[in-house]
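Working notes, structure below.
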Amino acid sequence: MSEQCVSKLELMAYFSGDINEVRRHEIALHIDQCSECSASLESLSLKQQQFLEKYPIPKVDNKKKVSLRINTRFFAIAASLLLAVTAVLYVQMNNGIHERIKGAEKIEMFVLSDKNTVEKRTSTVYYPGERIQFSYSSSGEKYFMLMSMDETGKTYVYFPSGDSVAMLLKKGAGVPLSRSIELDNYIGMEVYMAVFSDNRFIINDVVSGMKTALYRAGSLERMSKTLSGYSIESFLIEKRQRIQ
Amino acid sequence: MVEDLYKKYGYIIFERCYNIVRCEHDAHDATQIVFMRLLEKYDTLKDREQVIPWIFVTARNCCFNMLRDNKKFIGAECSDEIGISDRIDEKINARQLISLLFKNFDRNVRDAVLYTYVEQLEQKDIQKITGQSPATIRRNMKKFKDYLPSIKKRLGLV
């Protein structure tokens, strides 16, 4: 192991995504060239997978109440955990990452797998090069745009493409958008926002509103993803370097 | 969010706990406690680079509390050994080492030894977790090494 090798603590931080962009980039470059660090990262990933298979996330089961292995020593703690999980899930469902603000519009995000099948991913982790596809349902004609924003405030508008005003969507259920989106090489958090409105609107008004929200909140997780007069559905994802 | 955090940190927490309690059953119990604390604390950890050091500290506290409450190691016996110097043949049973650390040394020495020998961290990593400067880490390691001959004698290793 050379002096430039990544320390154990940093490797864990890199693995969990808790590291600043500059250092993340440096580590990624180093790992590409260092078989020892690459093997350490792979080992960590493998052990994590084995751990999750053996000890999956605690789930609430109505019949058994809790599928965790509970002993009496930790009963109180487990009960608190259950309460915390319920509270967080409740908040998440109502305010959180994958939210609908108002209206009868709905949009869903799918991943196109290597085998050309479409799947709905349960986790928020995605990888560069993956293709995502959206489908919408709307009870009436709506003006619409789809944009993404990363942690640095960089935005990209996918729908409509190259137009300054929102596109008109016809009513329908589960209608796929006309093309899929290939995820670029940016590593970190990104939010995809589907914006609906009854009225025709200027794309830049929404983009600048979202940039202001990010600037005020300081992070994509905390930023408000609502704008007066719009119905917005957001998908917060974390793009990670794929481990070879 | 809970699921994501568990996927991200579950194994990292578990490994820290296992390295101390040396029993999968107890490590899993400790993991639940540490993960619950992480859920409570996560939003206040604004600097995400502090999450992993926080896990090390909380897992250590939680596991040493378990050892204190149980007075001894519980669960199945564990015979894995840990190197305690640069000499490859100088090894000690992991449980014996942790038990001795727990009984005979203050927290600073305990941390320095735990993170050096058990977690095999570099000094800069230990500094991030404990706040001990490299000089303090060396001094605490020396305290341990000075005491080592009597430890080995008591364990019947010499």
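Within each chain, counting starts at residue 1; across the structure tokens, chains are named A, B, ... in the order shown, with ligands numbered 1 upward in that order.
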
### Task
Fewer than 3 positions away in the same chain doesn't count, so skip those; otherwise give me all residues within 10 Å of segment 26-28 of chain A, counting only C-alpha atoms, as JSON, numbers by chain.
{"A": [4, 5, 6, 10, 11, 14, 19, 21, 22, 23, 31, 32, 33, 34, 37, 38, 241]}

### Task
May I have the residues of chain B within 7 Å of chain A, counting only C-alpha atoms, written as a list in words?
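Taking only C-alpha atoms into account, Val2, Glu3, Asp4, Tyr6, Lys8, Tyr11, Ile33, Met36, Arg48, Glu49, Ile52, Leu121, Glu122 and Asp125 of chain B sit within 7 Å of chain A.
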
### Task
May I have the residues within 7 Å of segment 132-145 of chain A as number ranges by chain, using only C-alpha atoms and disregarding those fewer than 2 positions away in the same chain?
A: 104-112, 130, 147, 159-160, 166-177, 180-182, 194-200

### Query
Restricting the calculation to only C-alpha atoms, which member of A:Val118, A:Ile203, A:Met210, A:Leu220 is positioned closest to Gly162 of chain A?
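Checking each candidate against Gly162 of chain A, we get A:Ile203 as the closest.
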
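The two atoms in question, atom CA of Ala213 of chain A and atom CA of Val157 of chain A, are spaced 17.0 Å apart.
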
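Residues within 12 Å of Gln120 of chain B, counting only C-alpha atoms and excluding same-chain residues fewer than 2 positions away, are Ser7, Lys8 and Leu9 of chain A; Arg16, Asn19, Ile82, Gly83, Ile84, Ser85, Asp111, Ala112, Val113, Leu114, Tyr115, Thr116, Tyr117, Val118, Glu122, Gln123, Lys124, Asp125 and Ile126 of chain B.
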
### Task
Taking the chain letters and numbering used in this document, name the residues of segment 83-239 of chain A that DSSP puts in alpha helix (DSSP H), as a PyMOL selection string.
chain A and resi 83-95+203-217

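A straight line drawn from atom CA of Asp26 of chain B to atom CA of Val51 of chain B is 22.5 Å long.
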
#### Entry: Closest of A:Lys211, A:Lys154, A:His30, A:Arg179 to Leu227 of chain A - atom-to-atom distances counting only C-alpha atoms
A:Lys211

### Query
Among segment 2-158 of chain B, which ones does DSSP place in strand (DSSP E or B), written as a list in words?
Glu81, Ile82, Gly83, Lys91, Ile92 and Asn93 of chain B

Could you write those residues out with N, CA and C atoms, as a compact mmCIF listing (two decimals), in the first residue's frame?
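Output (again_22.txt):
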```txt
# COMPACT_ATOMS: atom_id res chain seq x y z
N GLU B 81 -7.22 -13.86 16.58
CA GLU B 81 -6.11 -13.17 17.23
C GLU B 81 -5.78 -11.89 16.50
N ILE B 82 -5.21 -10.97 17.25
CA ILE B 82 -4.88 -9.65 16.71
C ILE B 82 -3.41 -9.39 16.95
N GLY B 83 -2.74 -8.86 15.93
CA GLY B 83 -1.34 -8.49 16.11
C GLY B 83 -1.25 -7.27 17.01
N LYS B 91 0.96 -11.86 18.93
CA LYS B 91 -0.49 -11.74 18.77
C LYS B 91 -1.19 -12.05 20.08
N ILE B 92 -2.40 -11.59 20.14
CA ILE B 92 -3.16 -11.79 21.37
C ILE B 92 -4.61 -12.09 20.98
N ASN B 93 -5.27 -12.88 21.76
CA ASN B 93 -6.67 -13.17 21.49
C ASN B 93 -7.47 -11.86 21.52
```

### Query
Separation of atom CA of Cys63 of chain B and atom CA of Ile20 of chain B, in Å?
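Between these atoms lies a distance of 6.5 Å.
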
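Closest approach to Arg107 of chain B among B:Ser150, B:Gln32, B:Thr58, B:Thr130 is made by B:Thr130 (distances from only C-alpha atoms).
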
### Message
Would you pick out the contacts of Ile237 of chain A at 8 Å or less, using only C-alpha atoms, so that residues sharing its chain but fewer than 4 positions from it are not included, and give the list as an MDAnalysis selection string?
### Response
chainID A and resid 124:126 189:192

Pull all heavy atoms from the residues just selected and write them as an mmCIF file, in the first residue's frame.
```cif
data_model
loop_
_atom_site.group_PDB
_atom_site.id
_atom_site.type_symbol
_atom_site.label_atom_id
_atom_site.label_comp_id
_atom_site.auth_asym_id
_atom_site.auth_seq_id
_atom_site.Cartn_x
_atom_site.Cartn_y
_atom_site.Cartn_z
ATOM 1 N N THR A 124 -32.678 4.718 -4.007
ATOM 2 C CA THR A 124 -32.474 5.984 -4.708
ATOM 3 C C THR A 124 -31.103 6.031 -5.393
ATOM 4 O O THR A 124 -30.716 7.062 -5.898
ATOM 5 C CB THR A 124 -32.577 7.162 -3.728
ATOM 6 O OG1 THR A 124 -31.629 6.969 -2.683
ATOM 7 C CG2 THR A 124 -33.968 7.282 -3.147
ATOM 8 N N VAL A 125 -30.396 4.911 -5.383
ATOM 9 C CA VAL A 125 -29.041 4.888 -5.952
ATOM 10 C C VAL A 125 -29.097 4.536 -7.442
ATOM 11 O O VAL A 125 -29.723 3.554 -7.836
ATOM 12 C CB VAL A 125 -28.144 3.874 -5.203
ATOM 13 C CG1 VAL A 125 -26.771 3.803 -5.833
ATOM 14 C CG2 VAL A 125 -28.035 4.271 -3.735
ATOM 15 N N TYR A 126 -28.427 5.360 -8.229
ATOM 16 C CA TYR A 126 -28.352 5.141 -9.676
ATOM 17 C C TYR A 126 -26.897 5.271 -10.105
ATOM 18 O O TYR A 126 -26.066 5.766 -9.342
ATOM 19 C CB TYR A 126 -29.218 6.173 -10.423
ATOM 20 C CG TYR A 126 -30.692 5.955 -10.216
ATOM 21 C CD1 TYR A 126 -31.293 6.301 -9.009
ATOM 22 C CD2 TYR A 126 -31.488 5.391 -11.199
ATOM 23 C CE1 TYR A 126 -32.640 6.081 -8.791
ATOM 24 C CE2 TYR A 126 -32.842 5.174 -10.996
ATOM 25 C CZ TYR A 126 -33.403 5.522 -9.788
ATOM 26 O OH TYR A 126 -34.735 5.307 -9.572
ATOM 27 N N MET A 189 -25.745 13.794 -5.460
ATOM 28 C CA MET A 189 -27.205 13.855 -5.397
ATOM 29 C C MET A 189 -27.734 14.647 -6.603
ATOM 30 O O MET A 189 -27.102 15.610 -7.037
ATOM 31 C CB MET A 189 -27.661 14.558 -4.114
ATOM 32 C CG MET A 189 -27.138 13.966 -2.826
ATOM 33 S SD MET A 189 -27.623 12.254 -2.554
ATOM 34 C CE MET A 189 -29.371 12.450 -2.218
ATOM 35 N N GLU A 190 -28.872 14.228 -7.077
ATOM 36 C CA GLU A 190 -29.548 14.944 -8.157
ATOM 37 C C GLU A 190 -31.042 14.843 -7.906
ATOM 38 O O GLU A 190 -31.509 13.825 -7.392
ATOM 39 C CB GLU A 190 -29.230 14.289 -9.511
ATOM 40 C CG GLU A 190 -28.276 15.091 -10.372
ATOM 41 C CD GLU A 190 -28.058 14.459 -11.740
ATOM 42 O OE1 GLU A 190 -28.464 13.317 -11.965
ATOM 43 O OE2 GLU A 190 -27.462 15.118 -12.580
ATOM 44 N N VAL A 191 -31.757 15.903 -8.279
ATOM 45 C CA VAL A 191 -33.208 15.806 -8.153
ATOM 46 C C VAL A 191 -33.837 15.997 -9.541
ATOM 47 O O VAL A 191 -33.397 16.850 -10.314
ATOM 48 C CB VAL A 191 -33.754 16.831 -7.122
ATOM 49 C CG1 VAL A 191 -33.550 18.264 -7.550
ATOM 50 C CG2 VAL A 191 -35.222 16.580 -6.825
ATOM 51 N N TYR A 192 -34.792 15.134 -9.836
ATOM 52 C CA TYR A 192 -35.563 15.264 -11.082
ATOM 53 C C TYR A 192 -36.934 15.791 -10.694
ATOM 54 O O TYR A 192 -37.559 15.260 -9.778
ATOM 55 C CB TYR A 192 -35.675 13.912 -11.794
ATOM 56 C CG TYR A 192 -34.401 13.561 -12.529
ATOM 57 C CD1 TYR A 192 -33.302 13.090 -11.833
ATOM 58 C CD2 TYR A 192 -34.282 13.746 -13.894
ATOM 59 C CE1 TYR A 192 -32.115 12.800 -12.485
ATOM 60 C CE2 TYR A 192 -33.096 13.461 -14.564
ATOM 61 C CZ TYR A 192 -32.020 12.987 -13.849
ATOM 62 O OH TYR A 192 -30.850 12.719 -14.504
#
```
